[in-house]
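Raw structure_12.txt, compact mmCIF, C-alpha atoms and all ligand atoms:
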```txt
# COMPACT_ATOMS: atom_id res chain seq x y z
CA MET R 1 117.58 8.20 50.61
CA SER R 2 114.65 8.38 52.97
CA ALA R 3 112.71 5.64 54.73
CA SER R 4 109.17 5.24 56.02
CA VAL R 5 108.60 4.59 59.72
CA GLU R 6 105.59 2.72 61.01
CA LEU R 7 104.52 2.16 64.60
CA LYS R 8 101.98 -0.64 64.93
CA ASN R 9 100.08 -1.08 68.20
CA ALA R 10 103.23 0.20 69.89
CA SER R 11 103.28 0.58 73.68
CA VAL R 12 106.01 1.28 76.23
CA THR R 13 105.32 0.54 79.88
CA PHE R 14 107.33 1.33 82.99
CA GLY R 15 105.92 -0.97 85.65
CA ASN R 16 102.21 -0.71 85.06
CA PHE R 17 102.42 2.87 83.72
CA TYR R 18 101.95 3.34 79.97
CA ALA R 19 104.37 6.03 78.76
CA ALA R 20 103.15 5.30 75.22
CA LYS R 21 99.96 3.40 74.58
CA ASN R 22 98.84 1.58 71.46
CA ILE R 23 100.44 3.99 69.00
CA ASN R 24 99.56 3.48 65.35
CA VAL R 25 101.08 5.79 62.78
CA LYS R 26 102.75 5.55 59.40
CA ILE R 27 105.27 8.26 58.58
CA ASN R 28 106.09 8.44 54.88
CA GLY R 29 109.61 8.50 53.47
CA GLY R 30 110.77 12.11 53.01
CA GLU R 31 108.06 13.50 55.27
CA PHE R 32 108.59 16.15 57.99
CA PHE R 33 106.44 14.65 60.73
CA SER R 34 106.02 16.02 64.26
CA PHE R 35 104.75 14.52 67.49
CA LEU R 36 103.26 17.41 69.46
CA GLY R 37 102.15 17.19 73.07
CA PRO R 38 102.65 18.51 76.59
CA SER R 39 105.56 17.60 78.86
CA GLY R 40 105.44 13.97 79.99
CA CYS R 41 103.05 12.76 77.26
CA GLY R 42 105.54 10.20 75.95
CA LYS R 43 107.27 11.99 73.05
CA THR R 44 110.87 11.16 73.98
CA THR R 45 109.84 7.60 74.80
CA LEU R 46 108.48 7.17 71.26
CA LEU R 47 111.56 8.66 69.64
CA ARG R 48 113.79 6.38 71.70
CA ALA R 49 111.67 3.42 70.63
CA ILE R 50 112.09 4.34 66.95
CA SER R 51 115.86 4.75 67.35
CA GLY R 52 116.21 1.49 69.30
CA PHE R 53 117.35 2.97 72.62
CA GLN R 54 114.05 1.89 74.18
CA ASP R 55 112.40 -1.52 73.73
CA LEU R 56 108.68 -1.66 73.05
CA SER R 57 106.56 -3.54 75.57
CA GLU R 58 104.03 -4.36 72.86
CA GLY R 59 103.76 -3.78 69.12
CA GLU R 60 106.26 -3.10 66.38
CA VAL R 61 108.50 -0.47 64.81
CA LEU R 62 108.91 -0.97 61.07
CA ILE R 63 111.41 1.03 59.04
CA ASP R 64 110.81 0.72 55.30
CA GLY R 65 108.60 -2.22 56.17
CA VAL R 66 111.32 -4.08 58.09
CA ASP R 67 110.64 -5.10 61.70
CA MET R 68 113.29 -3.48 63.91
CA SER R 69 112.75 -5.57 67.05
CA ARG R 70 116.05 -7.45 66.71
CA ILE R 71 118.03 -4.54 65.32
CA GLY R 72 120.08 -2.44 67.76
CA PRO R 73 120.28 1.36 67.69
CA ASN R 74 123.58 1.58 65.82
CA LYS R 75 122.34 -0.79 63.09
CA ARG R 76 119.16 1.19 62.40
CA PRO R 77 119.10 3.75 59.56
CA THR R 78 118.22 6.46 62.11
CA SER R 79 120.11 9.26 63.81
CA LEU R 80 118.91 10.99 66.96
CA ILE R 81 119.55 14.60 67.97
CA PHE R 82 119.12 15.05 71.70
CA GLN R 83 117.36 17.96 73.34
CA ASN R 84 120.62 19.28 74.85
CA LEU R 85 122.53 18.54 71.59
CA ALA R 86 125.26 16.65 73.56
CA LEU R 87 128.15 17.99 71.44
CA PHE R 88 131.69 17.06 72.50
CA PRO R 89 133.08 20.26 74.05
CA LEU R 90 136.76 19.34 73.73
CA MET R 91 136.58 18.59 70.02
CA SER R 92 136.57 20.93 67.04
CA VAL R 93 133.46 21.37 64.91
CA ALA R 94 134.90 19.11 62.18
CA ASP R 95 135.83 16.39 64.69
CA ASN R 96 132.37 16.52 66.24
CA ILE R 97 130.80 16.06 62.82
CA SER R 98 133.04 13.17 61.78
CA PHE R 99 133.09 11.41 65.17
CA SER R 100 130.47 8.78 64.35
CA LEU R 101 132.32 7.94 61.12
CA GLU R 102 135.52 7.41 63.11
CA VAL R 103 133.67 5.04 65.44
CA ARG R 104 132.53 3.13 62.34
CA GLY R 105 136.13 2.83 61.13
CA VAL R 106 135.86 5.18 58.14
CA ASP R 107 139.33 6.36 57.09
CA LYS R 108 140.58 9.84 57.83
CA LYS R 109 140.44 11.17 54.27
CA LYS R 110 136.81 10.13 53.79
CA ARG R 111 135.88 11.51 57.23
CA ARG R 112 137.45 14.82 56.36
CA SER R 113 135.70 15.09 53.04
CA ARG R 114 132.29 14.17 54.52
CA ALA R 115 132.80 16.72 57.32
CA ASN R 116 133.64 19.40 54.75
CA GLU R 117 130.57 18.52 52.71
CA LEU R 118 128.35 18.87 55.78
CA ILE R 119 130.06 22.08 56.90
CA GLU R 120 129.16 23.56 53.54
CA LEU R 121 125.61 22.13 53.60
CA MET R 122 124.98 23.62 57.05
CA ALA R 123 126.46 27.02 56.09
CA LEU R 124 129.24 26.59 58.66
CA ASP R 125 132.01 27.55 56.25
CA GLY R 126 135.15 28.67 58.07
CA GLN R 127 133.93 27.23 61.41
CA GLY R 128 135.41 23.71 61.07
CA GLU R 129 138.46 24.28 63.28
CA LYS R 130 136.62 26.18 66.00
CA MET R 131 135.90 24.56 69.34
CA VAL R 132 132.25 24.03 70.20
CA HIS R 133 132.25 26.66 72.97
CA GLN R 134 133.28 29.31 70.45
CA LEU R 135 130.03 28.92 68.51
CA SER R 136 126.69 30.69 68.80
CA GLY R 137 123.55 28.78 69.78
CA GLY R 138 122.33 28.52 66.19
CA GLN R 139 125.75 27.34 64.97
CA LYS R 140 125.87 24.63 67.67
CA GLN R 141 122.44 23.56 66.53
CA ARG R 142 123.69 23.19 62.97
CA VAL R 143 126.77 21.23 64.12
CA ALA R 144 124.47 18.80 65.95
CA ILE R 145 122.44 18.31 62.76
CA ALA R 146 125.61 17.88 60.67
CA ARG R 147 126.93 15.32 63.16
CA ALA R 148 123.67 13.38 62.98
CA LEU R 149 123.69 13.49 59.16
CA ALA R 150 127.32 12.26 58.88
CA ILE R 151 126.34 8.60 58.88
CA GLU R 152 123.79 9.28 56.12
CA PRO R 153 120.72 8.18 58.05
CA LYS R 154 117.44 7.63 56.21
CA VAL R 155 115.53 9.02 59.17
CA LEU R 156 116.55 11.93 61.39
CA LEU R 157 114.95 12.01 64.86
CA LEU R 158 114.93 15.39 66.58
CA ASP R 159 114.06 15.70 70.28
CA GLU R 160 113.01 19.33 70.93
CA PRO R 161 116.33 20.55 69.51
CA LEU R 162 115.40 24.25 69.53
CA SER R 163 114.23 24.57 73.11
CA ALA R 164 117.49 26.05 74.42
CA LEU R 165 117.51 28.89 71.87
CA ASP R 166 116.03 32.34 72.29
CA LEU R 167 112.80 33.19 70.49
CA LYS R 168 114.28 34.98 67.44
CA LEU R 169 116.85 32.28 66.81
CA ARG R 170 114.24 29.58 67.32
CA GLN R 171 112.06 31.18 64.68
CA ARG R 172 114.98 31.44 62.26
CA MET R 173 116.02 27.84 62.90
CA ARG R 174 112.50 26.63 62.11
CA THR R 175 112.83 27.97 58.59
CA GLU R 176 116.37 26.60 58.34
CA LEU R 177 115.42 23.14 59.57
CA ARG R 178 112.64 22.94 57.03
CA ALA R 179 115.05 24.04 54.27
CA ILE R 180 117.67 21.51 55.42
CA GLN R 181 115.08 18.74 55.33
CA LYS R 182 114.15 19.64 51.77
CA ARG R 183 117.84 19.70 50.79
CA VAL R 184 118.83 16.36 52.32
CA ASN R 185 115.45 14.83 51.42
CA ILE R 186 115.28 12.34 54.28
CA THR R 187 112.49 11.63 56.77
CA PHE R 188 112.47 14.05 59.74
CA ILE R 189 110.61 13.02 62.89
CA TYR R 190 110.46 15.99 65.20
CA ILE R 191 109.06 16.18 68.69
CA THR R 192 108.02 19.33 70.48
CA HIS R 193 105.55 20.73 72.98
CA ASP R 194 105.48 24.00 71.02
CA GLN R 195 102.50 24.04 68.69
CA SER R 196 103.72 26.92 66.52
CA GLU R 197 107.01 25.08 65.95
CA ALA R 198 105.13 21.96 64.85
CA LEU R 199 102.67 23.86 62.65
CA THR R 200 105.29 25.94 60.83
CA MET R 201 107.65 23.09 59.93
CA SER R 202 105.69 19.89 59.52
CA ASP R 203 103.90 18.18 56.67
CA ARG R 204 101.75 16.33 59.21
CA ILE R 205 101.51 16.23 62.98
CA ALA R 206 100.34 13.76 65.60
CA VAL R 207 98.92 15.35 68.75
CA MET R 208 99.68 13.29 71.87
CA ASN R 209 98.13 13.32 75.31
CA GLU R 210 99.02 11.02 78.20
CA GLY R 211 100.81 8.44 76.05
CA GLU R 212 98.18 8.27 73.32
CA ILE R 213 97.72 9.89 69.93
CA GLU R 214 94.53 11.97 69.81
CA GLN R 215 94.76 13.09 66.19
CA ILE R 216 97.02 12.72 63.16
CA GLY R 217 96.66 15.05 60.20
CA LEU R 218 97.85 17.89 58.03
CA CYS R 219 98.63 20.95 60.14
CA ALA R 220 95.70 22.98 58.80
CA ASP R 221 93.28 20.11 59.40
CA VAL R 222 94.42 19.59 62.98
CA TYR R 223 94.04 23.33 63.61
CA ASN R 224 90.75 23.83 61.76
CA LYS R 225 89.11 20.47 62.39
CA PRO R 226 90.17 19.21 65.81
CA LEU R 227 88.64 15.86 66.69
CA THR R 228 88.88 16.11 70.48
CA PRO R 229 88.56 18.90 73.07
CA PHE R 230 92.21 18.32 74.01
CA VAL R 231 93.40 18.92 70.43
CA ALA R 232 91.07 21.94 70.10
CA THR R 233 92.66 23.60 73.13
CA PHE R 234 96.27 22.37 72.92
CA VAL R 235 96.85 23.39 69.29
CA GLY R 236 96.34 27.14 69.23
CA GLU R 237 94.00 29.12 71.44
CA ASN R 238 90.31 28.33 71.65
CA ASN R 239 87.26 29.56 73.53
CA SER R 240 85.02 26.81 74.83
CA ILE R 241 81.36 27.23 75.73
CA ASP R 242 79.48 24.29 77.16
CA GLY R 243 75.88 23.33 76.50
CA LYS R 244 73.52 20.67 75.18
CA LEU R 245 72.62 19.69 71.64
CA THR R 246 69.10 20.66 70.61
CA GLU R 247 69.32 19.86 66.88
CA VAL R 248 71.61 17.47 64.99
CA SER R 249 72.01 16.91 61.26
CA SER R 250 74.77 15.08 59.38
CA ASN R 251 77.48 17.68 59.86
CA GLU R 252 75.78 20.54 61.69
CA ALA R 253 74.24 20.99 65.09
CA THR R 254 72.64 23.56 67.37
CA ILE R 255 73.91 23.94 70.89
CA SER R 256 71.87 25.55 73.62
CA THR R 257 74.01 27.38 76.19
CA GLU R 258 73.48 29.80 79.08
CA ASN R 259 74.27 32.53 76.56
CA GLY R 260 71.85 31.50 73.83
CA SER R 261 71.66 29.00 70.99
CA PHE R 262 74.38 28.70 68.38
CA LYS R 263 74.73 26.82 65.10
CA SER R 264 78.02 25.09 64.45
CA CYS R 265 79.74 22.21 62.65
CA LEU R 266 80.31 18.61 63.71
CA ASN R 267 83.71 17.22 62.68
CA ASN R 268 83.49 13.69 63.91
CA SER R 269 79.77 13.23 63.40
CA ASP R 270 79.63 9.60 62.18
CA GLY R 271 76.36 9.03 64.01
CA LYS R 272 77.79 9.60 67.47
CA TYR R 273 75.80 12.70 68.35
CA SER R 274 72.23 12.90 69.54
CA ILE R 275 69.92 15.52 70.97
CA GLY R 276 70.59 16.14 74.65
CA ASP R 277 74.35 15.33 74.44
CA GLU R 278 76.61 17.45 76.64
CA VAL R 279 79.04 19.19 74.29
CA PHE R 280 81.56 22.00 73.95
CA LEU R 281 81.40 24.69 71.29
CA PHE R 282 84.89 25.85 70.27
CA ILE R 283 85.51 29.23 68.63
CA ARG R 284 88.99 30.58 68.06
CA PRO R 285 89.70 34.20 69.05
CA GLU R 286 90.38 35.17 65.42
CA ALA R 287 87.03 33.66 64.28
CA LEU R 288 85.09 36.20 66.35
CA GLU R 289 84.37 39.56 64.77
CA LEU R 290 82.47 42.69 65.70
CA ALA R 291 78.84 41.84 64.85
CA LYS R 292 78.16 45.30 63.43
CA ASN R 293 80.77 44.70 60.71
CA GLY R 294 79.04 41.81 58.93
CA ASN R 295 76.35 39.16 58.74
CA PHE R 296 77.01 36.18 60.95
CA ASP R 297 75.33 32.83 61.62
CA ASN R 298 75.68 33.49 65.34
CA VAL R 299 75.79 36.58 67.53
CA ILE R 300 76.83 36.75 71.20
CA ASP R 301 76.20 39.52 73.74
CA ILE R 302 79.33 40.30 75.72
CA ASN R 303 80.68 42.81 78.19
CA ILE R 304 84.26 44.01 77.53
CA ASP R 305 86.63 43.43 80.42
CA THR R 306 90.25 44.02 79.44
CA PHE R 307 92.25 44.78 76.32
CA GLU R 308 95.75 43.89 75.10
CA PHE R 309 97.52 45.51 72.15
CA GLU R 310 99.70 43.00 70.33
CA GLY R 311 100.72 45.10 67.32
CA ASN R 312 99.10 43.34 64.36
CA ILE R 313 96.05 42.41 66.43
CA LYS R 314 94.09 43.71 69.40
CA ASN R 315 93.02 41.13 71.95
CA TYR R 316 89.83 41.67 73.93
CA PHE R 317 88.81 39.67 76.98
CA ALA R 318 85.11 39.87 77.64
CA LYS R 319 82.56 38.56 80.12
CA LEU R 320 80.00 36.17 78.77
CA GLY R 321 77.18 36.01 81.31
CA SER R 322 78.07 35.83 84.97
CA ASN R 323 81.13 33.61 85.14
CA LYS R 324 82.48 32.86 81.65
CA LYS R 325 85.18 34.66 79.71
CA ILE R 326 85.76 34.86 76.02
CA LYS R 327 88.77 36.14 74.08
CA PHE R 328 88.58 37.64 70.62
CA SER R 329 91.22 39.18 68.38
CA ILE R 330 90.57 42.02 65.99
CA PRO R 331 93.06 43.06 63.26
CA ASN R 332 94.72 46.34 64.15
CA SER R 333 93.31 47.94 60.99
CA VAL R 334 89.70 47.59 62.27
CA ASP R 335 88.40 50.71 64.02
CA THR R 336 87.64 49.87 67.65
CA SER R 337 87.63 53.42 69.03
CA ASP R 338 84.11 52.95 70.44
CA ILE R 339 85.00 49.81 72.43
CA HIS R 340 86.12 50.32 76.01
CA SER R 341 86.30 48.36 79.20
CA GLY R 342 82.68 47.98 80.37
CA SER R 343 81.14 48.30 76.85
CA ASN R 344 78.23 45.98 76.11
CA ILE R 345 78.63 44.87 72.51
CA GLN R 346 77.84 41.98 70.17
CA ILE R 347 80.38 39.76 68.48
CA GLY R 348 79.59 37.27 65.74
CA PHE R 349 80.94 34.12 64.17
CA ASN R 350 80.07 31.79 61.31
CA LYS R 351 79.29 28.16 61.92
CA LEU R 352 82.07 27.07 59.56
CA ASN R 353 84.60 28.81 61.81
CA SER R 354 83.60 26.90 64.92
CA VAL R 355 83.20 23.31 65.97
CA ILE R 356 81.11 21.26 68.37
CA LEU R 357 82.73 18.30 70.12
CA LYS R 358 81.55 15.88 72.79
CA LYS R 359 82.72 16.92 76.24
CA GLY R 360 86.17 15.64 77.15
CA GLN R 361 89.50 16.66 78.63
CA LEU R 362 90.72 20.18 77.79
CA ALA R 363 94.42 21.07 77.63
CA VAL R 364 95.43 22.78 80.86
CA ASP R 365 96.90 26.26 80.44
CA THR R 366 100.53 26.30 81.50
N1 LIG P 1 112.92 5.11 82.40
C1 LIG P 1 111.74 5.49 82.90
N2 LIG P 1 111.22 4.92 84.01
C2 LIG P 1 110.01 5.29 84.49
N3 LIG P 1 109.24 6.24 83.92
C3 LIG P 1 109.70 6.84 82.81
C4 LIG P 1 110.97 6.50 82.23
N4 LIG P 1 111.14 7.27 81.12
C5 LIG P 1 110.06 8.05 81.02
N5 LIG P 1 109.18 7.80 82.02
C6 LIG P 1 107.87 8.45 82.22
O1 LIG P 1 107.14 8.31 81.04
C7 LIG P 1 106.38 9.50 80.76
C8 LIG P 1 106.75 10.01 79.40
O2 LIG P 1 108.08 10.49 79.43
P1 LIG P 1 108.75 11.18 78.14
O3 LIG P 1 110.15 11.51 78.50
O4 LIG P 1 108.54 10.32 76.96
O5 LIG P 1 107.87 12.50 78.02
P2 LIG P 1 108.00 13.73 77.00
O6 LIG P 1 106.71 13.83 76.27
O7 LIG P 1 109.24 13.57 76.19
O8 LIG P 1 108.11 14.98 77.98
P3 LIG P 1 109.02 16.33 77.87
O9 LIG P 1 108.29 17.24 76.90
O10 LIG P 1 108.97 16.88 79.26
O11 LIG P 1 110.40 15.96 77.42
C9 LIG P 1 106.70 10.45 81.91
O12 LIG P 1 105.67 10.37 82.85
C10 LIG P 1 108.00 9.93 82.47
O13 LIG P 1 108.10 10.22 83.83
MG MG P 2 111.03 14.66 76.11
```

What is this structure when it is put down as structure tokens?
Amino acid sequence: MSASVELKNASVTFGNFYAAKNINVKINGGEFFSFLGPSGCGKTTLLRAISGFQDLSEGEVLIDGVDMSRIGPNKRPTSLIFQNLALFPLMSVADNISFSLEVRGVDKKKRRSRANELIELMALDGQGEKMVHQLSGGQKQRVAIARALAIEPKVLLLDEPLSALDLKLRQRMRTELRAIQKRVNITFIYITHDQSEALTMSDRIAVMNEGEIEQIGLCADVYNKPLTPFVATFVGENNSIDGKLTEVSSNEATISTENGSFKSCLNNSDGKYSIGDEVFLFIRPEALELAKNGNFDNVIDINIDTFEFEGNIKNYFAKLGSNKKIKFSIPNSVDTSDIHSGSNIQIGFNKLNSVILKKGQLAVDT
């Protein structure tokens, strides 16, 4: 059984600081939903508010339409997995999993059978009697999930649970978490600052910045159609070129920059753009191609600076005019034998693979 979770005008303040500000989102029952944002943007605060460990200063949390304001954390149909997992080191795997049932007064036989069910579900067969310190990182992760699922929550809240794992294991656990969510068919609310983690697992994501949601959408839409400069640069890599609008139509515009004029798309046009507006043009590294290999809406003159071989792709960093840089990525299969550091070449892109947005805060590279 899964439940929907709705935050309505929800804010959390500490003194006069808003850790979360006027959050409005409805997460559907059975959805894998992620809050994605940089450190300190208010993700844990929101998760704690949903689970009841943190009171809202304003607004409401509704679970399956029911206002949770008077319902304490252990009465809510939610279960929270902490960032550091917080397993009990002196207990066996099975005892860790059944602990919350014991606290709720469930008898030993039922606890045992639920623990065994979860051990099987989490592919931890044969590990039940082990102590926590005898497990690998991925196994500990699965014990933490099993423990959270023991009380049969309708909503599982996960606070960056993969951050302690090494890259390979993290990647494997992403696939596993997604598969577990499909199997148990409950609502997963996941928070992370890692955009590839959010994009690979989620049905939808909300991108947060400084306590506020900047965009909510399907992963592909957030990546392909960012609505703010922050989202454009926090979710995936993006080149930004600044300039002024010289032509505007309903969903297209021309930007004049130091490096020439370019045609691009407007995502959030709704009448907000006019000629003369200061804007950014965003083009992802993979949207730029060698101009000689096709016909493009836009062509840019660049001077190659450095090169990085990444296996499947080749990354080029080039100078654009006197003080700008641009990055583009070429599939390894494309012949680039004539491109060297210092080469003056042209790269191209199509307007549909780029976006113009009003100037605003960019995500800071960390
Ligand atoms: N109890 C508290 N008292 C005062 N400020 C707090 C408290 N809890 C959180 N904050 C502040 O609220 C902001 C949001 O914190 P939060 O823990 O929600 O961030 P986060 O997005 O989870 O970050 P991270 O990715 O680093 O875990 C931070 O600036 C933090 O310092
Ligand atoms: Mg946090």

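For range 82-86 of chain R, the list of residues within 6 Å, based on all atoms listed in the file and with local chain neighbours fewer than 2 positions off taken out, reads Ala144, Asp159, Glu160 and Pro161 of chain R.
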
Cut-off 6 Å: closest chain R/ligand LIG 1 (chain P) atom pairs per residue, using all atoms listed in the file, as a Markdown table:
```
| residue | atom | partner | partner_atom | distance |
| --- | --- | --- | --- | --- |
| R:Phe14 | CA | P:LIG1 | C2 | 5.0 |
| R:Ala19 | CA | P:LIG1 | O1 | 4.3 |
| R:Pro38 | CA | P:LIG1 | O9 | 5.8 |
| R:Ser39 | CA | P:LIG1 | O9 | 3.4 |
| R:Gly40 | CA | P:LIG1 | O5 | 3.5 |
| R:Cys41 | CA | P:LIG1 | O6 | 3.9 |
| R:Gly42 | CA | P:LIG1 | O4 | 3.2 |
| R:Lys43 | CA | P:LIG1 | O6 | 3.8 |
| R:Thr44 | CA | P:LIG1 | O7 | 3.7 |
| R:Thr45 | CA | P:LIG1 | O4 | 3.7 |
| R:His193 | CA | P:LIG1 | O9 | 5.9 |
```

Please give the centre and size of the box around range 109-117 of chain R (axis-aligned, containing every atom listed in the file, 6 Å added per side), with values in Å to one decimal and written as JSON.
```
{"center_x": 135.5, "center_y": 14.8, "center_z": 55.0, "size_x": 21.9, "size_y": 21.3, "size_z": 16.6}
```

message: Quick one: residues within 10 Å of Thr200 in chain R, all atoms listed in the file, excluding same-chain residues fewer than 3 positions away - as a list in words?
response: Gln171, Arg174, Thr175, Arg178, Gln195, Ser196, Glu197, Asp203 and Cys219 of chain R

- request: Choose the residue, out of R:Ile191, R:Leu135, R:Leu177, R:Ile216, that has the smallest atom-to-atom separation from ligand MG 2 (chain P); count all atoms listed in the file.
  value: R:Ile191

message: List as number ranges by chain the protein and nucleic acid residues near Asn323 in chain R, meaning an atom at most 12 Å away when only C-alpha atoms are counted, but skip any in the same chain fewer than 5 places from it.
response: R: 241, 258-259, 302-303, 318

Atomic distance CA of Leu199 in chain R - CA of Ile347 in chain R, expressed in Å with one decimal: 28.0 Å

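Straight-line separation from CA of Gln134 in chain R to CA of Val93 in chain R: 9.7 Å.
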
- request: May I have the protein, DNA and RNA residues with any atom at most 7 Å from the point (135.9, 16.8, 58.9), counting only C-alpha atoms, written as a ChimeraX atom specification?
  value: /R:94-95,97-98,111-116

- request: Identify the residues within 8 Å of coordinate (80.7, 19.7, 63.8) (same frame as the file), considering only C-alpha atoms, and give the answer as a PyMOL selection string.
  value: chain R and resi 251-253+264-269+354-357

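Using only C-alpha atoms and all ligand atoms for every distance, the candidate list R:Val25, R:Val248, R:Ile186, R:Leu47 yields R:Leu47 as the residue closest to ligand MG 2 (chain P).
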
message: Between CA of Gly360 in chain R and CA of Lys225 in chain R, what is the distance in Å, rounded to a tenth?
response: 15.8 Å

- request: Would you please work out which residue, of R:Gly276, R:Gly52, R:Pro153, R:Gly105, is nearest to Ile71 in chain R when using all atoms listed in the file?
  value: R:Gly52
